[in-house]
>>> print(open('model_14.tsv').read())   # TSV, N, CA and C atoms
chain	number	residue	atom	x	y	z
A	12	GLN	N	69.50	-218.87	132.84
A	12	GLN	CA	69.82	-218.21	131.59
A	12	GLN	C	68.72	-217.21	131.24
A	13	ARG	N	69.11	-216.09	130.69
A	13	ARG	CA	68.16	-215.01	130.38
A	13	ARG	C	67.48	-215.23	129.03
A	14	ASN	N	66.28	-214.68	128.92
A	14	ASN	CA	65.51	-214.74	127.69
A	14	ASN	C	66.19	-213.87	126.63
A	15	THR	N	66.53	-214.46	125.48
A	15	THR	CA	67.20	-213.71	124.42
A	15	THR	C	66.25	-213.40	123.27
A	16	SER	N	64.97	-213.63	123.43
A	16	SER	CA	64.03	-213.44	122.34
A	16	SER	C	63.71	-211.97	122.06
A	17	LEU	N	64.16	-211.07	122.93
A	17	LEU	CA	63.83	-209.67	122.74
A	17	LEU	C	64.70	-208.99	121.68
A	18	GLY	N	65.80	-209.61	121.31
A	18	GLY	CA	66.65	-209.06	120.27
A	18	GLY	C	67.60	-208.01	120.78
A	19	PRO	N	68.31	-207.36	119.86
A	19	PRO	CA	69.38	-206.43	120.22
A	19	PRO	C	68.92	-205.18	120.96
A	20	ALA	N	67.66	-204.80	120.81
A	20	ALA	CA	67.18	-203.58	121.47
A	20	ALA	C	67.26	-203.68	122.99
A	21	SER	N	67.21	-204.88	123.52
A	21	SER	CA	67.23	-205.07	124.97
A	21	SER	C	68.46	-205.87	125.40
A	22	SER	N	69.57	-205.69	124.73
A	22	SER	CA	70.75	-206.50	125.00
A	22	SER	C	71.30	-206.30	126.41
A	23	ILE	N	71.08	-205.15	127.00
A	23	ILE	CA	71.61	-204.92	128.35
A	23	ILE	C	71.02	-205.88	129.36
A	24	VAL	N	69.79	-206.30	129.17
A	24	VAL	CA	69.16	-207.21	130.13
A	24	VAL	C	69.78	-208.61	130.09
A	25	GLN	N	70.66	-208.85	129.16
A	25	GLN	CA	71.35	-210.14	129.07
A	25	GLN	C	72.47	-210.24	130.11
A	26	LEU	N	72.91	-209.11	130.62
A	26	LEU	CA	73.98	-209.07	131.62
A	26	LEU	C	73.41	-209.23	133.02
A	27	HIS	N	74.17	-209.86	133.89
A	27	HIS	CA	73.69	-210.03	135.26
A	27	HIS	C	73.72	-208.68	135.98
A	28	PRO	N	72.63	-208.29	136.64
A	28	PRO	CA	72.57	-206.98	137.31
A	28	PRO	C	73.70	-206.75	138.31
A	29	LYS	N	74.11	-207.81	139.00
A	29	LYS	CA	75.19	-207.66	139.98
A	29	LYS	C	76.50	-207.29	139.29
A	30	HIS	N	76.77	-207.91	138.16
A	30	HIS	CA	78.01	-207.61	137.43
A	30	HIS	C	78.01	-206.17	136.92
A	31	VAL	N	76.88	-205.72	136.43
A	31	VAL	CA	76.77	-204.34	135.96
A	31	VAL	C	76.99	-203.37	137.12
A	32	ALA	N	76.37	-203.65	138.25
A	32	ALA	CA	76.53	-202.79	139.44
A	32	ALA	C	77.98	-202.79	139.92
A	33	GLU	N	78.63	-203.93	139.87
A	33	GLU	CA	80.04	-204.00	140.28
A	33	GLU	C	80.93	-203.18	139.37
A	34	GLU	N	80.67	-203.23	138.07
A	34	GLU	CA	81.45	-202.41	137.13
A	34	GLU	C	81.21	-200.92	137.37
A	35	MET	N	79.97	-200.56	137.64
A	35	MET	CA	79.65	-199.17	137.96
A	35	MET	C	80.41	-198.72	139.21
A	36	ALA	N	80.45	-199.59	140.21
A	36	ALA	CA	81.15	-199.26	141.46
A	36	ALA	C	82.64	-199.08	141.21
A	37	LEU	N	83.22	-199.93	140.38
A	37	LEU	CA	84.64	-199.79	140.07
A	37	LEU	C	84.93	-198.46	139.37
A	38	LEU	N	84.11	-198.12	138.40
A	38	LEU	CA	84.29	-196.85	137.68
A	38	LEU	C	84.12	-195.66	138.61
A	39	ASP	N	83.10	-195.71	139.46
A	39	ASP	CA	82.89	-194.61	140.41
A	39	ASP	C	84.04	-194.50	141.39
A	40	GLY	N	84.52	-195.64	141.85
A	40	GLY	CA	85.63	-195.64	142.80
A	40	GLY	C	86.88	-195.00	142.21
A	41	GLU	N	87.17	-195.35	140.95
A	41	GLU	CA	88.33	-194.77	140.28
A	41	GLU	C	88.19	-193.25	140.17
A	42	GLY	N	87.02	-192.79	139.81
A	42	GLY	CA	86.78	-191.35	139.68
A	42	GLY	C	86.85	-190.62	141.01
A	43	LEU	N	86.27	-191.21	142.03
A	43	LEU	CA	86.25	-190.57	143.35
A	43	LEU	C	87.63	-190.48	143.97
A	44	ARG	N	88.46	-191.50	143.72
A	44	ARG	CA	89.82	-191.49	144.28
A	44	ARG	C	90.67	-190.35	143.72
A	45	LEU	N	90.33	-189.87	142.55
A	45	LEU	CA	91.12	-188.80	141.92
A	45	LEU	C	90.79	-187.41	142.46
A	46	ILE	N	89.65	-187.27	143.13
A	46	ILE	CA	89.22	-185.95	143.61
A	46	ILE	C	90.05	-185.55	144.83
A	47	CYS	N	90.63	-184.36	144.76
A	47	CYS	CA	91.41	-183.80	145.87
A	47	CYS	C	90.51	-182.87	146.68
A	48	VAL	N	90.87	-182.69	147.93
A	48	VAL	CA	90.11	-181.81	148.82
A	48	VAL	C	90.02	-180.40	148.24
A	49	GLU	N	91.08	-179.96	147.60
A	49	GLU	CA	91.11	-178.59	147.05
A	49	GLU	C	90.03	-178.35	146.00
A	50	GLU	N	89.59	-179.42	145.34
A	50	GLU	CA	88.57	-179.27	144.30
A	50	GLU	C	87.22	-178.85	144.89
A	51	PHE	N	87.02	-179.09	146.16
A	51	PHE	CA	85.76	-178.73	146.81
A	51	PHE	C	85.72	-177.27	147.25
A	52	ARG	N	86.88	-176.64	147.31
A	52	ARG	CA	86.98	-175.28	147.80
A	52	ARG	C	86.17	-174.31	146.92
A	53	ASP	N	85.37	-173.52	147.54
A	53	ASP	CA	84.61	-172.45	146.88
A	53	ASP	C	83.72	-172.94	145.73
A	54	CYS	N	83.27	-174.19	145.82
A	54	CYS	CA	82.39	-174.75	144.77
A	54	CYS	C	82.98	-174.53	143.37
A	55	GLY	N	84.23	-174.87	143.22
A	55	GLY	CA	84.95	-174.64	141.97
A	55	GLY	C	84.32	-175.27	140.75
A	56	TRP	N	83.59	-176.34	140.93
A	56	TRP	CA	82.94	-177.02	139.80
A	56	TRP	C	81.81	-176.21	139.18
A	57	MET	N	81.44	-175.09	139.83
A	57	MET	CA	80.36	-174.25	139.32
A	57	MET	C	80.88	-172.96	138.69
A	58	LYS	N	82.18	-172.80	138.66
A	58	LYS	CA	82.77	-171.56	138.13
A	58	LYS	C	83.11	-171.72	136.65
A	59	LYS	N	83.42	-170.59	136.00
A	59	LYS	CA	83.74	-170.60	134.58
A	59	LYS	C	84.96	-171.47	134.28
A	60	ASN	N	85.96	-171.38	135.13
A	60	ASN	CA	87.19	-172.15	134.92
A	60	ASN	C	87.16	-173.47	135.69
A	61	LYS	N	86.01	-174.10	135.73
A	61	LYS	CA	85.82	-175.32	136.50
A	61	LYS	C	86.74	-176.46	136.08
A	62	LEU	N	87.09	-176.52	134.81
A	62	LEU	CA	87.96	-177.60	134.34
A	62	LEU	C	89.37	-177.48	134.90
A	63	GLN	N	89.78	-176.26	135.25
A	63	GLN	CA	91.09	-176.06	135.87
A	63	GLN	C	91.02	-176.21	137.38
A	64	ILE	N	89.92	-175.75	137.98
A	64	ILE	CA	89.79	-175.75	139.44
A	64	ILE	C	89.37	-177.12	139.99
A	65	ALA	N	88.42	-177.76	139.32
A	65	ALA	CA	87.86	-179.02	139.83
A	65	ALA	C	87.64	-180.03	138.70
A	66	PRO	N	88.69	-180.44	138.01
A	66	PRO	CA	88.52	-181.32	136.84
A	66	PRO	C	87.93	-182.68	137.18
A	67	HIS	N	88.27	-183.22	138.33
A	67	HIS	CA	87.79	-184.56	138.67
A	67	HIS	C	86.33	-184.54	139.12
A	68	ILE	N	85.93	-183.48	139.77
A	68	ILE	CA	84.51	-183.34	140.14
A	68	ILE	C	83.68	-183.17	138.88
A	69	VAL	N	84.17	-182.35	137.95
A	69	VAL	CA	83.46	-182.14	136.69
A	69	VAL	C	83.33	-183.46	135.94
A	70	ARG	N	84.39	-184.27	135.97
A	70	ARG	CA	84.36	-185.57	135.30
A	70	ARG	C	83.34	-186.49	135.96
A	71	MET	N	83.26	-186.47	137.29
A	71	MET	CA	82.28	-187.31	137.99
A	71	MET	C	80.84	-186.87	137.68
A	72	VAL	N	80.62	-185.57	137.62
A	72	VAL	CA	79.28	-185.06	137.29
A	72	VAL	C	78.92	-185.47	135.86
A	73	SER	N	79.86	-185.36	134.96
A	73	SER	CA	79.63	-185.75	133.57
A	73	SER	C	79.35	-187.25	133.47
A	74	SER	N	80.10	-188.04	134.22
A	74	SER	CA	79.91	-189.48	134.24
A	74	SER	C	78.52	-189.84	134.77
A	75	PHE	N	78.10	-189.17	135.83
A	75	PHE	CA	76.76	-189.37	136.40
A	75	PHE	C	75.69	-189.08	135.33
A	76	ASN	N	75.81	-187.93	134.68
A	76	ASN	CA	74.84	-187.54	133.66
A	76	ASN	C	74.82	-188.51	132.50
A	77	ASN	N	76.00	-188.96	132.07
A	77	ASN	CA	76.07	-189.93	130.96
A	77	ASN	C	75.43	-191.25	131.34
A	78	LEU	N	75.63	-191.71	132.57
A	78	LEU	CA	75.01	-192.95	133.02
A	78	LEU	C	73.49	-192.82	133.05
A	79	ALA	N	73.00	-191.72	133.58
A	79	ALA	CA	71.55	-191.50	133.63
A	79	ALA	C	70.96	-191.46	132.22
A	80	LEU	N	71.63	-190.78	131.31
A	80	LEU	CA	71.15	-190.71	129.93
A	80	LEU	C	71.21	-192.07	129.24
A	81	ALA	N	72.27	-192.83	129.50
A	81	ALA	CA	72.39	-194.17	128.90
A	81	ALA	C	71.26	-195.09	129.39
A	82	CYS	N	70.95	-195.01	130.68
A	82	CYS	CA	69.85	-195.83	131.22
A	82	CYS	C	68.52	-195.43	130.60
A	83	THR	N	68.31	-194.13	130.46
A	83	THR	CA	67.08	-193.64	129.83
A	83	THR	C	67.00	-194.13	128.39
A	84	ALA	N	68.10	-194.07	127.67
A	84	ALA	CA	68.12	-194.53	126.28
A	84	ALA	C	67.81	-196.02	126.19
A	85	GLU	N	68.34	-196.81	127.13
A	85	GLU	CA	68.06	-198.25	127.13
A	85	GLU	C	66.58	-198.52	127.35
A	86	ILE	N	65.95	-197.72	128.20
A	86	ILE	CA	64.51	-197.90	128.45
A	86	ILE	C	63.71	-197.54	127.21
A	87	LEU	N	64.12	-196.49	126.51
A	87	LEU	CA	63.36	-196.00	125.37
A	87	LEU	C	63.62	-196.77	124.07
A	88	LYS	N	64.68	-197.57	124.02
A	88	LYS	CA	65.03	-198.32	122.80
A	88	LYS	C	63.96	-199.29	122.34
A	89	PRO	N	63.46	-200.17	123.21
A	89	PRO	CA	62.50	-201.17	122.74
A	89	PRO	C	61.23	-200.55	122.19
A	90	SER	N	60.62	-201.26	121.25
A	90	SER	CA	59.44	-200.72	120.59
A	90	SER	C	58.13	-201.06	121.31
A	91	THR	N	58.14	-202.05	122.19
A	91	THR	CA	56.90	-202.42	122.87
A	91	THR	C	56.97	-202.07	124.36
A	92	ALA	N	55.81	-201.88	124.93
A	92	ALA	CA	55.72	-201.56	126.37
A	92	ALA	C	56.26	-202.71	127.22
A	93	ALA	N	56.01	-203.93	126.80
A	93	ALA	CA	56.48	-205.10	127.56
A	93	ALA	C	58.01	-205.15	127.59
A	94	GLN	N	58.64	-204.85	126.47
A	94	GLN	CA	60.09	-204.85	126.41
A	94	GLN	C	60.67	-203.71	127.26
A	95	ARG	N	60.04	-202.55	127.19
A	95	ARG	CA	60.49	-201.41	128.01
A	95	ARG	C	60.33	-201.73	129.49
A	96	ALA	N	59.24	-202.40	129.85
A	96	ALA	CA	59.02	-202.78	131.25
A	96	ALA	C	60.10	-203.75	131.71
A	97	GLN	N	60.54	-204.63	130.83
A	97	GLN	CA	61.61	-205.57	131.18
A	97	GLN	C	62.90	-204.81	131.47
A	98	VAL	N	63.21	-203.80	130.67
A	98	VAL	CA	64.42	-203.01	130.89
A	98	VAL	C	64.29	-202.24	132.21
A	99	ILE	N	63.12	-201.70	132.49
A	99	ILE	CA	62.91	-200.98	133.75
A	99	ILE	C	63.11	-201.92	134.94
A	100	MET	N	62.54	-203.11	134.88
A	100	MET	CA	62.72	-204.08	135.97
A	100	MET	C	64.19	-204.44	136.13
A	101	TYR	N	64.87	-204.60	135.02
A	101	TYR	CA	66.30	-204.90	135.06
A	101	TYR	C	67.07	-203.77	135.75
A	102	LEU	N	66.78	-202.53	135.39
A	102	LEU	CA	67.48	-201.39	135.99
A	102	LEU	C	67.15	-201.25	137.47
A	103	ILE	N	65.96	-201.63	137.86
A	103	ILE	CA	65.62	-201.64	139.29
A	103	ILE	C	66.50	-202.67	140.01
A	104	LYS	N	66.71	-203.83	139.38
A	104	LYS	CA	67.58	-204.84	139.97
A	104	LYS	C	69.02	-204.33	140.07
A	105	VAL	N	69.48	-203.64	139.02
A	105	VAL	CA	70.82	-203.06	139.05
A	105	VAL	C	70.93	-202.04	140.18
A	106	SER	N	69.90	-201.21	140.34
A	106	SER	CA	69.93	-200.20	141.40
A	106	SER	C	69.95	-200.86	142.78
A	107	MET	N	69.25	-201.97	142.94
A	107	MET	CA	69.27	-202.69	144.22
A	107	MET	C	70.67	-203.25	144.50
A	108	GLU	N	71.34	-203.70	143.46
A	108	GLU	CA	72.72	-204.18	143.62
A	108	GLU	C	73.65	-203.02	143.96
A	109	CYS	N	73.42	-201.86	143.35
A	109	CYS	CA	74.21	-200.67	143.69
A	109	CYS	C	74.03	-200.31	145.16
A	110	LEU	N	72.80	-200.41	145.65
A	110	LEU	CA	72.53	-200.15	147.06
A	110	LEU	C	73.27	-201.14	147.95
A	111	ALA	N	73.26	-202.40	147.57
A	111	ALA	CA	73.96	-203.43	148.36
A	111	ALA	C	75.46	-203.16	148.40
A	112	LEU	N	75.99	-202.55	147.34
A	112	LEU	CA	77.42	-202.23	147.27
A	112	LEU	C	77.73	-200.85	147.87
A	113	CYS	N	76.70	-200.17	148.36
A	113	CYS	CA	76.84	-198.79	148.88
A	113	CYS	C	77.38	-197.84	147.82
A	114	ASN	N	77.02	-198.08	146.57
A	114	ASN	CA	77.41	-197.20	145.47
A	114	ASN	C	76.23	-196.27	145.19
A	115	PHE	N	76.17	-195.22	145.99
A	115	PHE	CA	75.03	-194.32	145.93
A	115	PHE	C	75.06	-193.41	144.71
A	116	ASN	N	76.25	-193.18	144.16
A	116	ASN	CA	76.36	-192.35	142.97
A	116	ASN	C	75.66	-193.02	141.78
A	117	SER	N	76.02	-194.25	141.49
A	117	SER	CA	75.38	-194.97	140.38
A	117	SER	C	73.92	-195.27	140.68
A	118	LEU	N	73.63	-195.58	141.93
A	118	LEU	CA	72.24	-195.81	142.33
A	118	LEU	C	71.38	-194.60	141.97
A	119	ARG	N	71.85	-193.44	142.32
A	119	ARG	CA	71.09	-192.22	142.06
A	119	ARG	C	71.00	-191.93	140.56
A	120	ALA	N	72.04	-192.25	139.80
A	120	ALA	CA	72.00	-192.04	138.35
A	120	ALA	C	70.94	-192.93	137.70
A	121	VAL	N	70.88	-194.19	138.13
A	121	VAL	CA	69.86	-195.10	137.59
A	121	VAL	C	68.48	-194.62	137.98
A	122	LEU	N	68.31	-194.21	139.24
A	122	LEU	CA	67.01	-193.70	139.68
A	122	LEU	C	66.63	-192.42	138.93
A	123	ALA	N	67.60	-191.59	138.64
A	123	ALA	CA	67.33	-190.36	137.87
A	123	ALA	C	66.76	-190.71	136.50
A	124	SER	N	67.29	-191.77	135.89
A	124	SER	CA	66.75	-192.17	134.59
A	124	SER	C	65.32	-192.68	134.71
A	125	LEU	N	65.04	-193.41	135.78
A	125	LEU	CA	63.68	-193.92	135.99
A	125	LEU	C	62.70	-192.79	136.28
A	126	GLN	N	63.20	-191.69	136.83
A	126	GLN	CA	62.35	-190.55	137.16
A	126	GLN	C	62.35	-189.48	136.08
A	127	SER	N	63.06	-189.70	135.00
A	127	SER	CA	63.10	-188.69	133.93
A	127	SER	C	61.73	-188.55	133.28
A	128	SER	N	61.47	-187.39	132.75
A	128	SER	CA	60.16	-187.14	132.15
A	128	SER	C	59.91	-188.06	130.96
A	129	SER	N	60.95	-188.40	130.21
A	129	SER	CA	60.81	-189.29	129.05
A	129	SER	C	60.30	-190.66	129.47
A	130	VAL	N	60.78	-191.16	130.59
A	130	VAL	CA	60.38	-192.48	131.07
A	130	VAL	C	59.05	-192.39	131.82
A	131	TYR	N	58.88	-191.35	132.58
A	131	TYR	CA	57.65	-191.17	133.36
A	131	TYR	C	56.41	-191.16	132.46
A	132	ARG	N	56.54	-190.58	131.27
A	132	ARG	CA	55.40	-190.46	130.36
A	132	ARG	C	55.01	-191.76	129.69
A	133	LEU	N	55.75	-192.83	129.88
A	133	LEU	CA	55.44	-194.12	129.26
A	133	LEU	C	54.33	-194.83	130.02
A	134	ARG	N	53.12	-194.33	129.90
A	134	ARG	CA	51.99	-194.83	130.69
A	134	ARG	C	51.75	-196.33	130.53
A	135	GLU	N	51.79	-196.81	129.30
A	135	GLU	CA	51.54	-198.24	129.05
A	135	GLU	C	52.62	-199.11	129.65
A	136	THR	N	53.83	-198.61	129.71
A	136	THR	CA	54.94	-199.37	130.25
A	136	THR	C	54.81	-199.54	131.76
A	137	TRP	N	54.30	-198.53	132.43
A	137	TRP	CA	54.20	-198.56	133.90
A	137	TRP	C	53.00	-199.35	134.40
A	138	LYS	N	52.09	-199.76	133.51
A	138	LYS	CA	50.89	-200.50	133.95
A	138	LYS	C	51.22	-201.89	134.40
>>> encode(input="model_14.tsv", output="structure tokens")
Amino acid sequence: QRNTSLGPASSIVQLHPKHVAEEMALLDGEGLRLICVEEFRDCGWMKKNKLQIAPHIVRMVSSFNNLALACTAEILKPSTAAQRAQVIMYLIKVSMECLALCNFNSLRAVLASLQSSSVYRLRETWK
């Protein structure tokens, strides 16, 4: 059983990392299955009319960015360095589960949050 003394700021660490990684894999799988080969043509996701040319790729990119931002927000929520370190360790465990599931999209999103400048600057947390 997980330590619940950290309060609501660290509620994500109450979930089992494997379950979180499995849910991420399911969501990524659903999004990836919708992408058609035509959406890759001419890098349509980078054009002005990207929502018409490559809507599913745009949705996957947005989902990736939202996941990275959510992970960063979870790290920054706690008020103490020890609590933030616990969230970081938890996200590392989630990323290891993503790797075991070969879910490289979510793995990279979690790693992007750990490498963000907001998290990198938390010197006391990384000690």
>>> closest_residue(input="model_14.tsv", among="A:Met71, A:Leu62, A:Leu26, A:Leu80", to="Ala123 of chain A", atoms="only N, CA and C atoms")
A:Leu80
>>> residues_around(input="model_14.tsv", residues="Gly40 of chain A", least_positions_apart="5", cutoff="9 Å", atoms="only C-alpha atoms", output="PDB file with N, CA and C atoms, keeping the file's coordinate frame")
ATOM      1  N   MET A  35      79.970-200.560 137.640  1.00  0.00           N
ATOM      2  CA  MET A  35      79.650-199.170 137.960  1.00  0.00           C
ATOM      3  C   MET A  35      80.410-198.720 139.210  1.00  0.00           C
ATOM      4  N   LEU A  45      90.330-189.870 142.550  1.00  0.00           N
ATOM      5  CA  LEU A  45      91.120-188.800 141.920  1.00  0.00           C
ATOM      6  C   LEU A  45      90.790-187.410 142.460  1.00  0.00           C
ATOM      7  N   ASN A 114      77.020-198.080 146.570  1.00  0.00           N
ATOM      8  CA  ASN A 114      77.410-197.200 145.470  1.00  0.00           C
ATOM      9  C   ASN A 114      76.230-196.270 145.190  1.00  0.00           C
TER      10      ASN A 114
END
>>> closest_residue(input="model_14.tsv", among="A:Val69, A:Ala32, A:Leu133, A:Glu49", to="Ala93 of chain A", atoms="only C-alpha atoms")
A:Leu133
>>> residues_around(input="model_14.tsv", residues="Leu43 of chain A", least_positions_apart="3", cutoff="8 Å", atoms="all atoms listed in the file", output="VMD selection string")
chain A and resid 37 to 40 46 to 47 67 to 68 71
>>> atom_distance(input="model_14.tsv", atom1="atom N of Arg95 of chain A", atom2="atom C of Thr136 of chain A")
7.6 Å
>>> select_by_dssp(input="model_14.tsv", residues="chain A", states="alpha helix (DSSP H)", output="PyMOL selection string")
chain A and resi 28-45+61-64+66-87+92-111+115-125+128-131+134-137
>>> residues_around(input="model_14.tsv", residues="Ile64 of chain A", least_positions_apart="3", cutoff="6.5 Å", atoms="all atoms listed in the file", output="list in words")
Glu49, Glu50, Gly55, Trp56, Asn60, Lys61 and His67 of chain A
>>> atom_distance(input="model_14.tsv", atom1="atom CA of Val130 of chain A", atom2="atom CA of Met57 of chain A")
28.3 Å
>>> closest_residue(input="model_14.tsv", among="A:His27, A:Asn116, A:Ala111, A:Leu125", to="Ile99 of chain A", atoms="only N, CA and C atoms")
A:Leu125
>>> residues_around(input="model_14.tsv", residues="Ala81 of chain A", least_positions_apart="6", cutoff="8 Å", atoms="only N, CA and C atoms", output="PyMOL selection string")
chain A and resi 75+87+124
>>> atom_distance(input="model_14.tsv", atom1="atom CA of Ser129 of chain A", atom2="atom CA of Glu33 of chain A")
26.7 Å
>>> residues_near_point(input="model_14.tsv", point="(67.0, -198.2, 120.6)", cutoff="12 Å", atoms="only C-alpha atoms", output="PyMOL selection string")
chain A and resi 18-23+81-91+94-95+98
